[in-house]
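Shown next, in structure tokens, is the structure this report addresses.
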Amino acid sequence: MSVAADVRAGATAGRFYPSDQYGFSSLLTENELAVLGRLRKVLDEQVHPLLAEYWEAGEFPYQIAQPLFDLNLMEPSQPGDGGATASGLYAGFRNFELARTDASVATFYNAQSGLFRTAVNLGGSAEQAAELDPKIRSFEHKGVFALTEPDHGSDIAGGLETSARRDGDTWTINGAKRWIGGAASADVLAVFARDEADQQVKAFLVPTDAPGVTISKIHRKTSLRLMQNADIDFRDVTVPESARLQNVNSFADVAAMLRNMRSDVAWIAAGLQAGAYEAAVRYVKQREQFGKSLGSFQLVQEKLATMLGNVTASLGMVVRLTQQQDQGIYADENSALAKMFCCARMRETVALAREVVGGNGITLDTDVARFHADAEAVYSYEGTHEINALIVGRAITGKGAFR
């Protein structure tokens, strides 16, 4: 059964997603569902057919970018919505829909819609945000979030080494960043650097073509192979004070961004699970062994039920988290818990999908192998399992266990 046909089967059962057993997507408005429906059509018809080929080649199919941009997914305006802005739940299900097709495509889009947009809107002054946000929404101004470094990931708060030195109205940046997804196709980098004067973290919008910026593709990856991650080197790169994001003056300001963005990754983890589960269901319904449908075996059905439970639990968590954030309730431990939990369930779900598809589950033809491999990157980025557990543990006990 095709992806589109499987979607129609789910819709017939009263669900927008076959994997949304409890119907969480029914919380969306008709207009929001219509936008997601148009996104699904582009993903089914223009994106999905290219995935296996480009995943194997380790390249990104940039021909899909403009069709996605043209959908105006960040702040869609629909007839009859009275000009209302899209809800946080809509943005979450947008990530879910993208990841349900491919984690790299979701990560590529979220690099702009989540990471870079959050950096500008939370880190920039009101004037900076007002000027740049419309260009970010339209992808006229493409950017990425450059925080992680070659020697500092989990310990970036205290270990960040990239430096910034101010001389009058000019800043000079030196250092390196690693794992920056989408850097090579971006116009600007949101670079986080330590101010030599006060040792506090600041943020700067650095053009990718600025003198002294070198961007190199990271090769030999076994996860998120479509996503083009980069090493970036900064050698005496100069930017004006006007390029500094005015509301980033310590790592606490960066942490506020991460608090927002971890919920995006939890949604991606939920969507990736849904994609793996739905691919496994398609396979076991059409595959026969021992003269009967693979889907009729008790052990297979038990695994499918566990997978569906994982997707349902993950959706329940991210939906409630997003509802709270829509109400202005933000807590580090809440977003960390969602990221930790959903990614742990994701790891189990993709492994079970691989199991029920058997030997064919290591080929790209069933989609399962791609989800299985890509889950490992999602499990680690935006905070490892351990780091997020310690954020939650700190909230539980009132004691910080970081070293």
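Within each chain, counting starts at residue 1; across the structure tokens, chains are named A, B, ... in the order shown, with ligands numbered 1 upward in that order.
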Among segment 19-234 of chain A, which ones does DSSP assign to strand (DSSP E or B) (computed from the backbone)? Answer as a PyMOL selection string.
chain A and resi 143-146+149+152+163-167+170-181+188-195+201-207+213-217+229-234
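Residue neighbourhood of Glu196 of chain A, excluding near-sequence residues (fewer than 3 positions): Leu160, Glu161, Thr162, Ser163, Ala164, Arg165, Arg166, Asp167, Trp171, Thr172, Ile173, Asn174, Ala193, Gln199, Gln200, Val201 and Lys202 of chain A, at 12 Å, using only C-alpha atoms.
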Which polymer residues have any atom within 12 Å of an atom of Ala266 of chain A, counting only C-alpha atoms, with same-chain residues fewer than 2 positions away left out, as a PyMOL selection string?
chain A and resi 92-93+95-96+99+103+106-107+259-264+268-273+311+313-322+334-346+375+378-383+385+388
Export of prior selection with N, CA and C atoms as a short mmCIF file (atom, residue, chain, number, x, y, z; two decimals), in the first residue's frame:
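So the final result, stored in result.cif, reads:
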data_model
loop_
_atom_site.label_atom_id
_atom_site.label_comp_id
_atom_site.auth_asym_id
_atom_site.auth_seq_id
_atom_site.Cartn_x
_atom_site.Cartn_y
_atom_site.Cartn_z
N GLY A 92 3.82 21.97 16.08
CA GLY A 92 4.27 20.65 16.48
C GLY A 92 3.90 19.59 15.47
N PHE A 93 2.66 19.61 15.03
CA PHE A 93 2.24 18.61 14.04
C PHE A 93 2.92 18.84 12.69
N ASN A 95 6.11 19.59 12.42
CA ASN A 95 7.33 18.81 12.61
C ASN A 95 7.04 17.31 12.59
N PHE A 96 5.93 16.92 13.19
CA PHE A 96 5.51 15.51 13.19
C PHE A 96 5.31 15.01 11.76
N ALA A 99 8.73 14.73 9.95
CA ALA A 99 9.55 13.62 10.45
C ALA A 99 8.92 12.28 10.12
N ALA A 103 13.44 12.14 8.77
CA ALA A 103 14.02 12.93 9.85
C ALA A 103 14.95 14.01 9.34
N ALA A 106 12.83 16.89 8.13
CA ALA A 106 12.31 17.61 9.29
C ALA A 106 13.41 18.46 9.93
N THR A 107 14.61 17.92 10.04
CA THR A 107 15.72 18.64 10.64
C THR A 107 16.12 19.83 9.79
N ARG A 259 15.28 25.64 25.76
CA ARG A 259 14.03 25.23 26.40
C ARG A 259 12.91 25.18 25.38
N ASN A 260 12.86 26.15 24.49
CA ASN A 260 11.84 26.19 23.43
C ASN A 260 12.09 25.12 22.38
N MET A 261 13.35 24.97 22.00
CA MET A 261 13.65 24.12 20.84
C MET A 261 13.61 22.64 21.15
N ARG A 262 13.79 22.26 22.41
CA ARG A 262 13.73 20.83 22.74
C ARG A 262 12.36 20.26 22.47
N SER A 263 11.31 21.08 22.62
CA SER A 263 9.98 20.56 22.32
C SER A 263 9.85 20.24 20.83
N ASP A 264 10.51 21.02 19.97
CA ASP A 264 10.51 20.71 18.54
C ASP A 264 11.09 19.34 18.28
N ILE A 268 9.67 15.85 16.62
CA ILE A 268 10.34 15.12 15.54
C ILE A 268 10.50 13.65 15.93
N ALA A 269 10.86 13.39 17.18
CA ALA A 269 11.00 12.01 17.64
C ALA A 269 9.68 11.27 17.56
N ALA A 270 8.59 11.95 17.90
CA ALA A 270 7.27 11.33 17.80
C ALA A 270 6.92 11.03 16.34
N GLY A 271 7.22 11.99 15.45
CA GLY A 271 6.92 11.79 14.03
C GLY A 271 7.75 10.68 13.42
N LEU A 272 9.02 10.60 13.80
CA LEU A 272 9.88 9.53 13.28
C LEU A 272 9.34 8.17 13.70
N GLN A 273 8.89 8.07 14.95
CA GLN A 273 8.26 6.82 15.40
C GLN A 273 7.05 6.48 14.55
N VAL A 311 4.16 5.52 20.25
CA VAL A 311 3.78 6.72 19.49
C VAL A 311 2.70 7.50 20.24
N ALA A 313 1.94 7.49 23.49
CA ALA A 313 2.46 8.11 24.70
C ALA A 313 3.30 9.34 24.37
N SER A 314 4.10 9.25 23.31
CA SER A 314 4.93 10.39 22.91
C SER A 314 4.07 11.55 22.46
N LEU A 315 3.03 11.25 21.67
CA LEU A 315 2.13 12.31 21.22
C LEU A 315 1.43 12.95 22.40
N GLY A 316 0.98 12.15 23.35
CA GLY A 316 0.31 12.70 24.51
C GLY A 316 1.21 13.67 25.27
N MET A 317 2.48 13.32 25.39
CA MET A 317 3.41 14.17 26.12
C MET A 317 3.68 15.47 25.38
N VAL A 318 3.95 15.40 24.06
CA VAL A 318 4.30 16.63 23.35
C VAL A 318 3.09 17.52 23.14
N VAL A 319 1.92 16.94 23.01
CA VAL A 319 0.70 17.76 22.89
C VAL A 319 0.48 18.55 24.16
N ARG A 320 0.58 17.89 25.32
CA ARG A 320 0.35 18.61 26.58
C ARG A 320 1.44 19.64 26.84
N LEU A 321 2.69 19.29 26.55
CA LEU A 321 3.79 20.24 26.70
C LEU A 321 3.54 21.48 25.86
N THR A 322 3.12 21.28 24.61
CA THR A 322 2.88 22.41 23.71
C THR A 322 1.70 23.24 24.17
N ASN A 334 10.41 20.40 31.85
CA ASN A 334 9.31 19.88 31.05
C ASN A 334 9.75 19.54 29.62
N SER A 335 10.46 20.47 28.99
CA SER A 335 10.94 20.20 27.63
C SER A 335 12.02 19.13 27.64
N ALA A 336 12.87 19.11 28.68
CA ALA A 336 13.90 18.08 28.78
C ALA A 336 13.29 16.70 28.97
N LEU A 337 12.24 16.62 29.80
CA LEU A 337 11.57 15.34 30.01
C LEU A 337 10.95 14.82 28.72
N ALA A 338 10.32 15.69 27.95
CA ALA A 338 9.71 15.29 26.69
C ALA A 338 10.76 14.80 25.70
N LYS A 339 11.86 15.55 25.60
CA LYS A 339 12.91 15.14 24.67
C LYS A 339 13.50 13.80 25.09
N MET A 340 13.78 13.63 26.37
CA MET A 340 14.35 12.39 26.89
C MET A 340 13.41 11.21 26.66
N PHE A 341 12.15 11.36 27.08
CA PHE A 341 11.19 10.27 27.03
C PHE A 341 10.87 9.88 25.58
N CYS A 342 10.54 10.88 24.76
CA CYS A 342 10.12 10.57 23.39
C CYS A 342 11.26 9.93 22.59
N CYS A 343 12.49 10.35 22.85
CA CYS A 343 13.61 9.75 22.12
C CYS A 343 13.91 8.34 22.60
N ALA A 344 13.71 8.08 23.89
CA ALA A 344 13.87 6.71 24.37
C ALA A 344 12.82 5.79 23.75
N ARG A 345 11.59 6.25 23.70
CA ARG A 345 10.53 5.45 23.08
C ARG A 345 10.80 5.30 21.57
N MET A 346 11.33 6.34 20.96
CA MET A 346 11.67 6.29 19.54
C MET A 346 12.67 5.19 19.25
N ALA A 375 17.20 7.66 13.67
CA ALA A 375 16.80 7.85 15.07
C ALA A 375 17.99 8.10 15.98
N VAL A 378 18.76 11.85 16.13
CA VAL A 378 17.73 12.58 16.88
C VAL A 378 17.86 12.29 18.37
N TYR A 379 18.24 11.06 18.71
CA TYR A 379 18.43 10.68 20.12
C TYR A 379 19.46 11.56 20.80
N SER A 380 20.48 12.02 20.04
CA SER A 380 21.59 12.76 20.64
C SER A 380 21.48 14.27 20.51
N TYR A 381 20.90 14.78 19.40
CA TYR A 381 20.99 16.23 19.26
C TYR A 381 19.96 16.96 20.13
N GLU A 382 20.25 18.26 20.35
CA GLU A 382 19.46 19.09 21.27
C GLU A 382 19.45 18.51 22.69
N GLY A 383 20.58 17.99 23.11
CA GLY A 383 20.71 17.45 24.46
C GLY A 383 20.62 15.94 24.47
N HIS A 385 20.40 12.05 26.05
CA HIS A 385 19.50 11.46 27.04
C HIS A 385 19.98 11.78 28.46
N ASN A 388 19.55 15.60 29.45
CA ASN A 388 18.14 15.92 29.72
C ASN A 388 17.66 15.26 31.01
#
List the spatial neighbours of segment 111-128 of chain A as a ChimeraX atom specification - criterion: any atom at most 6 Å away, only C-alpha atoms, same-chain residues fewer than 3 positions off excluded.
/A:107-108,131,143-145,245-248
Go ahead and save the residues from that selection, with N, CA and C atoms, as an mmCIF file, in the first residue's frame.
data_model
loop_
_atom_site.group_PDB
_atom_site.id
_atom_site.type_symbol
_atom_site.label_atom_id
_atom_site.label_comp_id
_atom_site.auth_asym_id
_atom_site.auth_seq_id
_atom_site.Cartn_x
_atom_site.Cartn_y
_atom_site.Cartn_z
ATOM 1 N N THR A 107 14.606 17.916 10.042
ATOM 2 C CA THR A 107 15.716 18.643 10.644
ATOM 3 C C THR A 107 16.120 19.830 9.787
ATOM 4 N N PHE A 108 16.114 19.647 8.480
ATOM 5 C CA PHE A 108 16.442 20.721 7.539
ATOM 6 C C PHE A 108 15.458 21.873 7.701
ATOM 7 N N GLU A 131 12.433 43.072 11.828
ATOM 8 C CA GLU A 131 13.028 43.174 10.497
ATOM 9 C C GLU A 131 13.262 41.802 9.883
ATOM 10 N N GLY A 143 19.014 30.818 7.605
ATOM 11 C CA GLY A 143 20.037 30.798 8.645
ATOM 12 C C GLY A 143 20.051 29.506 9.426
ATOM 13 N N VAL A 144 21.122 29.323 10.193
ATOM 14 C CA VAL A 144 21.256 28.144 11.044
ATOM 15 C C VAL A 144 21.789 28.564 12.416
ATOM 16 N N PHE A 145 21.736 27.642 13.348
ATOM 17 C CA PHE A 145 22.081 27.844 14.751
ATOM 18 C C PHE A 145 23.434 27.192 14.998
ATOM 19 N N LEU A 245 23.033 39.815 18.321
ATOM 20 C CA LEU A 245 21.677 39.659 18.833
ATOM 21 C C LEU A 245 21.636 40.265 20.228
ATOM 22 N N GLN A 246 20.884 41.334 20.356
ATOM 23 C CA GLN A 246 21.011 42.219 21.513
ATOM 24 C C GLN A 246 20.541 41.611 22.835
ATOM 25 N N ASN A 247 19.709 40.597 22.784
ATOM 26 C CA ASN A 247 19.173 40.036 24.025
ATOM 27 C C ASN A 247 19.898 38.772 24.492
ATOM 28 N N VAL A 248 21.038 38.467 23.868
ATOM 29 C CA VAL A 248 21.846 37.334 24.330
ATOM 30 C C VAL A 248 23.068 37.906 25.035
#
From a DSSP pass on the backbone, collect the residues of segment 109-290 of chain A flagged as helix (DSSP H, G or I) and hand them back as a PyMOL selection string.
chain A and resi 109-123+126-138+156-159+183-185+241-243+251-286
Using only C-alpha atoms, the residue out of A:Ala176, A:Ala395, A:Val188, A:Val350 with shortest distance to Ala279 of chain A is A:Val350
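Using only C-alpha atoms, the smallest distance between any of A:Asp233, A:Glu97, A:Asp102, A:Glu53 and Arg370 of chain A comes from A:Asp102.
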Nearest to Ala86 of chain A, restricted to only C-alpha atoms and choosing among A:Leu28, A:Ile136, A:Val47, A:Met307, comes out as A:Leu28
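The nearest approach to Gly212 of chain A among the residues A:Arg40, A:Arg244, A:Arg137, A:Arg235, with only C-alpha atoms taken into account, belongs to A:Arg235.
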Computed interatomic separation between atom CA of Gly358 of chain A and atom CA of Val300 of chain A (Å)
10.8 Å
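Considering only C-alpha atoms, the residue among A:Ala210, A:Ala230, A:Leu304, A:Val42 positioned nearest to Val357 of chain A is A:Leu304.
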With only C-alpha atoms as the atoms that count, which of A:Ala373, A:Ala280, A:Ala252, A:Val368 lies nearest to Ser223 of chain A?
A:Ala373
I'd like the neighbourhood of Leu27 of chain A as a PDB file with N, CA and C atoms, in the first residue's frame, where a residue qualifies if any of its atoms comes within 10 Å (using only C-alpha atoms), though same-chain residues fewer than 5 positions away should be ignored.
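Output saved as selection31.pdb:
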ATOM      1  N   GLU A  32      -5.845  24.441   9.908  1.00  0.00           N
ATOM      2  CA  GLU A  32      -4.512  23.892  10.188  1.00  0.00           C
ATOM      3  C   GLU A  32      -4.353  22.516   9.549  1.00  0.00           C
ATOM      4  N   LEU A  33      -5.395  21.692   9.636  1.00  0.00           N
ATOM      5  CA  LEU A  33      -5.347  20.374   9.003  1.00  0.00           C
ATOM      6  C   LEU A  33      -5.238  20.494   7.487  1.00  0.00           C
ATOM      7  N   LEU A  89       0.355  23.883  18.628  1.00  0.00           N
ATOM      8  CA  LEU A  89       0.049  22.507  18.233  1.00  0.00           C
ATOM      9  C   LEU A  89       0.212  22.316  16.735  1.00  0.00           C
ATOM     10  N   TYR A  90      -0.204  23.313  15.965  1.00  0.00           N
ATOM     11  CA  TYR A  90       0.004  23.219  14.522  1.00  0.00           C
ATOM     12  C   TYR A  90       1.496  23.094  14.208  1.00  0.00           C
ATOM     13  N   VAL A 319       1.922  16.939  23.010  1.00  0.00           N
ATOM     14  CA  VAL A 319       0.702  17.757  22.888  1.00  0.00           C
ATOM     15  C   VAL A 319       0.485  18.553  24.164  1.00  0.00           C
TER      16      VAL A 319
END
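For Val213 of chain A, the residues within 9 Å (counting only C-alpha atoms, excluding itself and residues fewer than 5 positions away along the chain) are Val206, Pro207, Thr208, Ile232, Asp233, Phe234, Arg235, Asp236 and Val237 of chain A.
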Those residues you just picked out, can you put them in a file as a short mmCIF file (atom, residue, chain, number, x, y, z; two decimals), in the first residue's frame with C-alpha atoms?
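And here's again-v5.cif as it stands now:
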data_model
loop_
_atom_site.label_atom_id
_atom_site.label_comp_id
_atom_site.auth_asym_id
_atom_site.auth_seq_id
_atom_site.Cartn_x
_atom_site.Cartn_y
_atom_site.Cartn_z
CA VAL A 206 27.60 36.07 10.62
CA PRO A 207 27.20 35.87 6.82
CA THR A 208 28.38 32.52 5.46
CA ILE A 232 32.86 25.74 10.51
CA ASP A 233 36.10 27.59 11.16
CA PHE A 234 36.23 31.29 12.08
CA ARG A 235 39.55 33.12 11.58
CA ASP A 236 39.47 36.80 12.51
CA VAL A 237 35.91 37.16 11.23
#
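In this structure, atom CA of Asp198 of chain A sits 25.8 Å away from atom CA of Pro211 of chain A.
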